[in-house]
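Heads up: the structure comes next, in structure tokens.
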Amino acid sequence: MKTIVYQSYRTRDVPAWMTRCMQSARAWADAQRFDYQFIDDRLFDYVPEWYRRGAGTNVQVITNLARILVARELLAAGYERTIWIDADILIFDRDAFRVEVTSDFAFCHEIWVETRWGAMVKSVNVNNSVSVFVRGNSFLDFCIWAHEDLVRRGTQILAHGTTTRLLTALHRAVRFPLLTNVGVLSPIVAHDVRNGVNHLSQEYAALHGTPIHAINLGGSLCGKRLQGRVLDDDDYEAIVDAMERTRGAMFRNDARV
């Protein structure tokens with residue numbers, strides 16, 4: 001299939017670890033013989049002014065609509081399949097990572113883990129960190145309408161209101177295809193990997209239930225206190241080092257970490 005992988009991020013003050021993540025996506029796209037396109041802050045130009053006003057300072061909500069508007073444009077331009085990959089996703093096992101969606105669309109299966117009262121608790125969600133749309137799919141136009149309607153009515157203008165909350169609710173009602181090889185690094189697992197302990201990372205991988213070949217590092221949480229932990233750019237750089245060095249061994253029953 002004629003496929004394009006596309007990403008977006010700012011071009012100034014980019015952390016080194018984020019650059020490495022985007023390089024991993026481009027290297028993977030090249031290995032798969034897919035086209036690749038990087039879009040800088042011009043991504044926001046795709047979004048109508050009224051939507052940007054409604055979203056206010058919530059950049060994630062603006063980006064959520066922009067990425068699917070770009071997908072529609074790329075499909076109309078002749079591509080048979082588009083693959084959006086968040087800039088903070090590291091593809092640490094490029095030989096194993098595959099996107100085998102050949103019809104309709106797909107988002108990502110998400111297991112989010114945190115601790116409550118000393119115990120690990122998981123929630124099962126759907127996220128758009130990797131989003132796939134195939135020409136003629138039955139979902140893209142509806143997805144655009146849903147994003148716009150939420151902002152137009154002024155409801156759920158939250159960081160994840162037009163992504164995880166929306167997609168998870170839809171998926172519970174009508175099951176749709178999910179990629180199961182992309183993980184998500186919650187703060188407690190990130191801290192575990194950063195310290196080289198890897199007990200929680202393997203427990204998380206077991207809860208995820210399928211092999212993980214790429215990971216959403218959760219860059220929007222960098223520098224923020226969550227679950228009693230703060231991770232900075234140096235921490236994320238070390239996490240990327242560990243994952244690339246071991247090809248994600250901390251998410252397998254593998255002692256070579």
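A note on labels: chains of the structure tokens are A, B, ... as shown, every chain counts residues from 1, and ligands are counted from 1 in their shown order.
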Please provide the set of residues having any atom within 12 Å of Trp145 of chain A, restricted to only C-alpha atoms, with same-chain residues fewer than 4 positions apart removed, written as a PyMOL selection string.
-> chain A and resi 51+65+68-69+139-141+149-153+162
Dump as an mmCIF file, in the first residue's frame, selection limited to C-alpha atoms:
data_model
loop_
_atom_site.group_PDB
_atom_site.id
_atom_site.type_symbol
_atom_site.label_atom_id
_atom_site.label_comp_id
_atom_site.auth_asym_id
_atom_site.auth_seq_id
_atom_site.Cartn_x
_atom_site.Cartn_y
_atom_site.Cartn_z
ATOM 1 C CA TYR A 51 -11.801 25.620 17.020
ATOM 2 C CA LEU A 65 -7.974 17.617 15.249
ATOM 3 C CA ILE A 68 -6.784 13.781 11.421
ATOM 4 C CA LEU A 69 -7.364 16.722 9.087
ATOM 5 C CA PHE A 139 -14.441 6.481 10.539
ATOM 6 C CA LEU A 140 -12.321 9.495 9.614
ATOM 7 C CA ASP A 141 -15.092 11.930 8.684
ATOM 8 C CA ASP A 149 -18.657 18.982 17.982
ATOM 9 C CA LEU A 150 -17.054 18.576 21.398
ATOM 10 C CA VAL A 151 -15.301 21.923 21.082
ATOM 11 C CA ARG A 152 -18.282 23.620 19.431
ATOM 12 C CA ARG A 153 -20.478 22.660 22.391
ATOM 13 C CA THR A 162 -10.902 14.553 22.348
#
Neighbouring residues of segment 229-241 of chain A were defined as those with any atom within 10 Å, considering only C-alpha atoms; residues of the same chain fewer than 6 positions away were excluded. Please report them as a short mmCIF file (atom, residue, chain, number, x, y, z; two decimals) with N, CA and C atoms, in the first residue's frame.
data_model
loop_
_atom_site.label_atom_id
_atom_site.label_comp_id
_atom_site.auth_asym_id
_atom_site.auth_seq_id
_atom_site.Cartn_x
_atom_site.Cartn_y
_atom_site.Cartn_z
N PRO A 15 14.13 18.70 23.08
CA PRO A 15 15.00 17.86 23.90
C PRO A 15 15.66 16.76 23.06
N ALA A 16 16.86 16.41 23.42
CA ALA A 16 17.60 15.40 22.65
C ALA A 16 16.85 14.08 22.60
N TRP A 17 16.22 13.71 23.71
CA TRP A 17 15.52 12.41 23.73
C TRP A 17 14.33 12.41 22.79
N MET A 18 13.67 13.59 22.64
CA MET A 18 12.54 13.69 21.72
C MET A 18 13.03 13.56 20.28
N ARG A 20 15.55 11.88 19.30
CA ARG A 20 15.86 10.45 19.10
C ARG A 20 14.59 9.65 18.84
N CYS A 21 13.51 10.00 19.52
CA CYS A 21 12.24 9.31 19.28
C CYS A 21 11.79 9.51 17.84
N LEU A 90 8.95 6.12 21.05
CA LEU A 90 10.22 5.50 20.69
C LEU A 90 9.96 4.11 20.14
N ILE A 91 10.38 3.88 18.90
CA ILE A 91 10.30 2.53 18.32
C ILE A 91 11.65 1.88 18.62
N PHE A 92 11.68 1.08 19.68
CA PHE A 92 12.96 0.53 20.15
C PHE A 92 13.28 -0.82 19.53
N PRO A 187 4.07 7.27 34.84
CA PRO A 187 5.19 7.73 35.69
C PRO A 187 5.80 6.66 36.57
N ILE A 188 5.01 5.76 37.13
CA ILE A 188 5.61 4.76 38.02
C ILE A 188 6.47 3.77 37.24
N ALA A 190 7.95 4.55 34.30
CA ALA A 190 9.10 5.34 33.85
C ALA A 190 10.15 5.45 34.95
N HIS A 191 9.71 5.68 36.16
CA HIS A 191 10.64 5.78 37.29
C HIS A 191 11.35 4.44 37.51
N ASP A 192 10.63 3.35 37.35
CA ASP A 192 11.20 2.01 37.50
C ASP A 192 12.29 1.76 36.46
N VAL A 193 12.01 2.13 35.20
CA VAL A 193 12.99 1.95 34.13
C VAL A 193 14.19 2.87 34.36
N ARG A 194 13.91 4.10 34.77
CA ARG A 194 14.99 5.07 34.99
C ARG A 194 15.98 4.57 36.04
N ASN A 195 15.48 3.92 37.07
CA ASN A 195 16.33 3.43 38.14
C ASN A 195 16.94 2.06 37.85
N GLY A 196 16.58 1.48 36.69
CA GLY A 196 17.13 0.18 36.32
C GLY A 196 16.60 -0.98 37.13
N ILE A 215 7.04 2.46 22.40
CA ILE A 215 6.48 2.95 23.67
C ILE A 215 6.20 4.44 23.58
N LEU A 217 6.29 7.58 25.44
CA LEU A 217 7.01 8.00 26.65
C LEU A 217 6.25 9.04 27.47
N GLY A 218 5.16 9.58 26.94
CA GLY A 218 4.38 10.54 27.72
C GLY A 218 5.12 11.84 27.94
N GLY A 219 5.63 12.42 26.87
CA GLY A 219 6.45 13.61 26.97
C GLY A 219 5.74 14.80 27.61
N LEU A 221 4.22 14.86 30.22
CA LEU A 221 4.35 14.76 31.68
C LEU A 221 5.75 15.13 32.16
N CYS A 222 6.67 15.37 31.22
CA CYS A 222 8.04 15.70 31.60
C CYS A 222 8.06 16.97 32.46
N GLY A 223 8.70 16.90 33.62
CA GLY A 223 8.81 18.04 34.51
C GLY A 223 7.62 18.25 35.42
N ARG A 247 16.75 -2.99 23.37
CA ARG A 247 15.60 -3.24 22.50
C ARG A 247 14.37 -3.61 23.32
N GLY A 248 14.22 -2.90 24.44
CA GLY A 248 13.01 -3.06 25.25
C GLY A 248 12.97 -4.31 26.09
#
Where does DSSP see helix (DSSP H, G or I) in segment 90-153 of chain A, if you list the residues as a PDB file with C-alpha atoms, in the first residue's frame?
ATOM      1  CA  LEU A 140     -12.321   9.495   9.614  1.00  0.00           C
ATOM      2  CA  ASP A 141     -15.092  11.930   8.684  1.00  0.00           C
ATOM      3  CA  PHE A 142     -17.068  11.002  11.796  1.00  0.00           C
ATOM      4  CA  CYS A 143     -13.944  11.397  13.931  1.00  0.00           C
ATOM      5  CA  ILE A 144     -13.395  14.919  12.578  1.00  0.00           C
ATOM      6  CA  TRP A 145     -17.039  15.792  13.230  1.00  0.00           C
ATOM      7  CA  ALA A 146     -16.859  14.426  16.792  1.00  0.00           C
ATOM      8  CA  HIS A 147     -13.751  16.465  17.606  1.00  0.00           C
ATOM      9  CA  GLU A 148     -15.342  19.608  16.238  1.00  0.00           C
ATOM     10  CA  ASP A 149     -18.657  18.982  17.982  1.00  0.00           C
ATOM     11  CA  LEU A 150     -17.054  18.576  21.398  1.00  0.00           C
ATOM     12  CA  VAL A 151     -15.301  21.923  21.082  1.00  0.00           C
ATOM     13  CA  ARG A 152     -18.282  23.620  19.431  1.00  0.00           C
TER      14      ARG A 152
END
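Non-sequential neighbours of segment 124-131 of chain A (distance at most 7 Å, separation of 5 or more positions within a chain, only C-alpha atoms) are Ile83, Trp84, Ile85, Asp86, Ala106, Phe107, Cys108, His109, Glu110, Ile111, Trp112, Thr163, Thr164, Leu167 and Thr168 of chain A.
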Output N, CA and C atoms for every residue in that selection, as an mmCIF file, in the first residue's frame.
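Listed below is the output, out.cif:
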data_model
loop_
_atom_site.group_PDB
_atom_site.id
_atom_site.type_symbol
_atom_site.label_atom_id
_atom_site.label_comp_id
_atom_site.auth_asym_id
_atom_site.auth_seq_id
_atom_site.Cartn_x
_atom_site.Cartn_y
_atom_site.Cartn_z
ATOM 1 N N ILE A 83 -0.161 6.949 8.554
ATOM 2 C CA ILE A 83 0.188 6.515 9.907
ATOM 3 C C ILE A 83 0.748 7.719 10.657
ATOM 4 N N TRP A 84 -0.022 8.202 11.606
ATOM 5 C CA TRP A 84 0.470 9.255 12.490
ATOM 6 C C TRP A 84 1.197 8.597 13.661
ATOM 7 N N ILE A 85 2.376 9.117 14.027
ATOM 8 C CA ILE A 85 3.117 8.638 15.191
ATOM 9 C C ILE A 85 3.477 9.843 16.050
ATOM 10 N N ASP A 86 3.051 9.840 17.304
ATOM 11 C CA ASP A 86 3.397 10.930 18.213
ATOM 12 C C ASP A 86 4.906 11.114 18.274
ATOM 13 N N ALA A 106 -7.244 2.304 12.661
ATOM 14 C CA ALA A 106 -6.881 1.702 13.957
ATOM 15 C C ALA A 106 -6.265 2.765 14.852
ATOM 16 N N PHE A 107 -6.493 2.592 16.160
ATOM 17 C CA PHE A 107 -5.831 3.391 17.181
ATOM 18 C C PHE A 107 -5.046 2.438 18.078
ATOM 19 N N CYS A 108 -4.673 2.882 19.277
ATOM 20 C CA CYS A 108 -3.797 2.085 20.145
ATOM 21 C C CYS A 108 -4.516 1.560 21.387
ATOM 22 N N HIS A 109 -4.320 0.305 21.638
ATOM 23 C CA HIS A 109 -4.682 -0.309 22.913
ATOM 24 C C HIS A 109 -3.786 0.278 23.991
ATOM 25 N N GLU A 110 -4.385 0.712 25.112
ATOM 26 C CA GLU A 110 -3.611 1.335 26.179
ATOM 27 C C GLU A 110 -3.906 0.683 27.520
ATOM 28 N N ILE A 111 -2.856 0.285 28.202
ATOM 29 C CA ILE A 111 -2.948 -0.103 29.607
ATOM 30 C C ILE A 111 -2.200 0.953 30.402
ATOM 31 N N TRP A 112 -2.919 1.668 31.249
ATOM 32 C CA TRP A 112 -2.321 2.703 32.096
ATOM 33 C C TRP A 112 -2.252 2.162 33.517
ATOM 34 N N THR A 163 -9.378 12.742 22.850
ATOM 35 C CA THR A 163 -8.576 11.568 22.476
ATOM 36 C C THR A 163 -8.971 10.389 23.334
ATOM 37 N N THR A 164 -8.261 10.165 24.425
ATOM 38 C CA THR A 164 -8.476 8.959 25.217
ATOM 39 C C THR A 164 -9.911 8.846 25.716
ATOM 40 N N LEU A 167 -12.192 8.313 22.450
ATOM 41 C CA LEU A 167 -11.967 7.038 21.767
ATOM 42 C C LEU A 167 -12.297 5.847 22.655
ATOM 43 N N THR A 168 -11.998 5.946 23.943
ATOM 44 C CA THR A 168 -12.310 4.847 24.852
ATOM 45 C C THR A 168 -13.817 4.654 24.958
#
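One distance worth recording is that between atom CA of Ala242 of chain A and atom CA of Gly118 of chain A, which is 26.3 Å.
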List the neighbours of Arg135 of chain A out to 7 Å using only C-alpha atoms; skip same-chain residues closer than 3 positions along the sequence, and give me the result as a count of residues only.
-> 3
For each of A:Leu185, A:Val174, A:Val59, A:Val5, take the minimum atom-to-atom distance to Arg26 of chain A, counting only C-alpha atoms, then give the residue where this is smallest.
-> A:Val5
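Interatomic distance, atom CA of Asn137 of chain A to atom CA of Tyr79 of chain A: 12.6 Å.
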Tyr36 of chain A: which residues within 10 Å, counting only C-alpha atoms, same-chain residues fewer than 6 positions away excluded, as a count of residues only?
-> 13
Run DSSP on the backbone and grab whatever in segment 21-234 of chain A lands in strand (DSSP E or B); send it over as a ChimeraX atom specification.
-> /A:35-39,81-85,89-91,105-116,119-134,178-179,182-184,214-216,226,229
Those selected residues, please, written with N, CA and C atoms and delivered as a compact mmCIF listing (two decimals), in the first residue's frame.
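Written out: selection-v2.txt:
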# COMPACT_ATOMS: atom_id res chain seq x y z
N ASP A 35 6.78 6.54 2.77
CA ASP A 35 7.12 7.95 2.74
C ASP A 35 7.06 8.50 4.16
N TYR A 36 7.75 9.62 4.37
CA TYR A 36 7.77 10.24 5.69
C TYR A 36 7.62 11.75 5.52
N GLN A 37 6.81 12.35 6.40
CA GLN A 37 6.65 13.80 6.38
C GLN A 37 6.68 14.34 7.79
N PHE A 38 7.50 15.37 7.99
CA PHE A 38 7.53 16.08 9.27
C PHE A 38 6.86 17.44 9.08
N ILE A 39 5.99 17.79 10.01
CA ILE A 39 5.29 19.07 9.96
C ILE A 39 5.62 19.82 11.24
N ARG A 81 -2.73 4.80 2.66
CA ARG A 81 -2.73 4.63 4.11
C ARG A 81 -1.88 5.71 4.75
N THR A 82 -2.36 6.27 5.86
CA THR A 82 -1.60 7.24 6.63
C THR A 82 -1.35 6.68 8.03
N ILE A 83 -0.16 6.95 8.55
CA ILE A 83 0.19 6.51 9.91
C ILE A 83 0.75 7.72 10.66
N TRP A 84 -0.02 8.20 11.61
CA TRP A 84 0.47 9.26 12.49
C TRP A 84 1.20 8.60 13.66
N ILE A 85 2.38 9.12 14.03
CA ILE A 85 3.12 8.64 15.19
C ILE A 85 3.48 9.84 16.05
N ILE A 89 7.04 8.98 20.81
CA ILE A 89 7.04 7.51 20.74
C ILE A 89 8.41 7.03 20.28
N LEU A 90 8.95 6.12 21.05
CA LEU A 90 10.22 5.50 20.69
C LEU A 90 9.96 4.11 20.14
N ILE A 91 10.38 3.88 18.90
CA ILE A 91 10.30 2.53 18.32
C ILE A 91 11.65 1.88 18.62
N PHE A 105 -9.28 1.58 9.74
CA PHE A 105 -8.51 2.46 10.61
C PHE A 105 -8.10 1.69 11.85
N ALA A 106 -7.24 2.30 12.66
CA ALA A 106 -6.88 1.70 13.96
C ALA A 106 -6.26 2.76 14.85
N PHE A 107 -6.49 2.59 16.16
CA PHE A 107 -5.83 3.39 17.18
C PHE A 107 -5.05 2.44 18.08
N CYS A 108 -4.67 2.88 19.28
CA CYS A 108 -3.80 2.08 20.14
C CYS A 108 -4.52 1.56 21.39
N HIS A 109 -4.32 0.31 21.64
CA HIS A 109 -4.68 -0.31 22.91
C HIS A 109 -3.79 0.28 23.99
N GLU A 110 -4.39 0.71 25.11
CA GLU A 110 -3.61 1.34 26.18
C GLU A 110 -3.91 0.68 27.52
N ILE A 111 -2.86 0.28 28.20
CA ILE A 111 -2.95 -0.10 29.61
C ILE A 111 -2.20 0.95 30.40
N TRP A 112 -2.92 1.67 31.25
CA TRP A 112 -2.32 2.70 32.10
C TRP A 112 -2.25 2.16 33.52
N VAL A 113 -1.08 2.22 34.12
CA VAL A 113 -0.93 1.70 35.47
C VAL A 113 -0.47 2.80 36.41
N GLU A 114 -1.00 2.77 37.62
CA GLU A 114 -0.61 3.68 38.68
C GLU A 114 -0.77 2.97 40.00
N THR A 115 -0.30 3.58 41.06
CA THR A 115 -0.43 2.96 42.38
C THR A 115 -1.48 3.71 43.19
N ARG A 116 -2.29 2.93 43.87
CA ARG A 116 -3.27 3.47 44.81
C ARG A 116 -3.20 2.65 46.09
N ALA A 119 -0.93 -0.33 45.96
CA ALA A 119 -1.17 -1.43 45.01
C ALA A 119 -1.20 -0.89 43.60
N MET A 120 -0.74 -1.69 42.63
CA MET A 120 -0.79 -1.30 41.22
C MET A 120 -2.21 -1.48 40.70
N VAL A 121 -2.71 -0.43 40.06
CA VAL A 121 -4.06 -0.45 39.50
C VAL A 121 -3.95 -0.13 38.01
N LYS A 122 -4.68 -0.88 37.20
CA LYS A 122 -4.63 -0.63 35.76
C LYS A 122 -5.98 -0.13 35.26
N SER A 123 -5.92 0.67 34.19
CA SER A 123 -7.13 1.04 33.45
C SER A 123 -6.88 0.73 31.99
N VAL A 124 -7.92 0.31 31.32
CA VAL A 124 -7.84 -0.09 29.92
C VAL A 124 -8.48 1.01 29.06
N ASN A 125 -7.71 1.55 28.13
CA ASN A 125 -8.18 2.68 27.34
C ASN A 125 -7.80 2.52 25.88
N VAL A 126 -8.16 3.51 25.10
CA VAL A 126 -7.75 3.63 23.69
C VAL A 126 -7.14 5.01 23.52
N ASN A 127 -5.98 5.08 22.87
CA ASN A 127 -5.37 6.38 22.60
C ASN A 127 -5.01 6.52 21.13
N ASN A 128 -4.65 7.74 20.75
CA ASN A 128 -4.37 8.04 19.34
C ASN A 128 -2.90 8.30 19.07
N SER A 129 -2.01 7.79 19.93
CA SER A 129 -0.58 8.08 19.77
C SER A 129 -0.03 7.52 18.46
N VAL A 130 -0.58 6.41 18.02
CA VAL A 130 -0.38 5.95 16.64
C VAL A 130 -1.77 5.78 16.05
N SER A 131 -2.04 6.50 14.99
CA SER A 131 -3.37 6.46 14.35
C SER A 131 -3.21 6.10 12.89
N VAL A 132 -3.99 5.14 12.45
CA VAL A 132 -3.89 4.63 11.08
C VAL A 132 -5.23 4.83 10.38
N PHE A 133 -5.17 5.41 9.18
CA PHE A 133 -6.37 5.55 8.36
C PHE A 133 -6.07 5.05 6.95
N VAL A 134 -6.95 4.21 6.45
CA VAL A 134 -6.83 3.65 5.10
C VAL A 134 -7.86 4.33 4.20
N LEU A 178 -7.49 -2.15 16.99
CA LEU A 178 -6.47 -1.54 17.84
C LEU A 178 -5.11 -2.14 17.56
N LEU A 179 -4.09 -1.28 17.60
CA LEU A 179 -2.72 -1.75 17.58
C LEU A 179 -2.36 -2.17 19.00
N VAL A 182 2.10 -1.19 20.87
CA VAL A 182 2.58 0.11 21.34
C VAL A 182 2.19 0.27 22.80
N GLY A 183 3.19 0.41 23.67
CA GLY A 183 2.92 0.59 25.08
C GLY A 183 2.84 2.06 25.44
N VAL A 184 2.54 2.33 26.72
CA VAL A 184 2.52 3.70 27.21
C VAL A 184 3.19 3.72 28.58
N ALA A 214 7.21 -0.67 20.66
CA ALA A 214 7.34 0.79 20.67
C ALA A 214 6.63 1.28 21.92
N ILE A 215 7.04 2.46 22.40
CA ILE A 215 6.48 2.95 23.67
C ILE A 215 6.20 4.44 23.58
N ASN A 216 5.04 4.82 24.06
CA ASN A 216 4.69 6.23 24.20
C ASN A 216 5.28 6.72 25.52
N LEU A 226 3.56 13.82 39.21
CA LEU A 226 2.43 12.92 39.08
C LEU A 226 2.77 11.63 39.80
N ARG A 229 6.07 11.69 41.63
CA ARG A 229 7.34 11.59 40.92
C ARG A 229 7.46 12.71 39.89
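Atom CA of Ala249 of chain A sits 9.3 Å away from atom CA of Asn198 of chain A.
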For Gln202 of chain A, work out the shell of residues within 10 Å, counting only C-alpha atoms and skipping chain neighbours fewer than 2 positions away, then give it as a PyMOL selection string.
-> chain A and resi 189+192-193+197-200+204-208+249-254
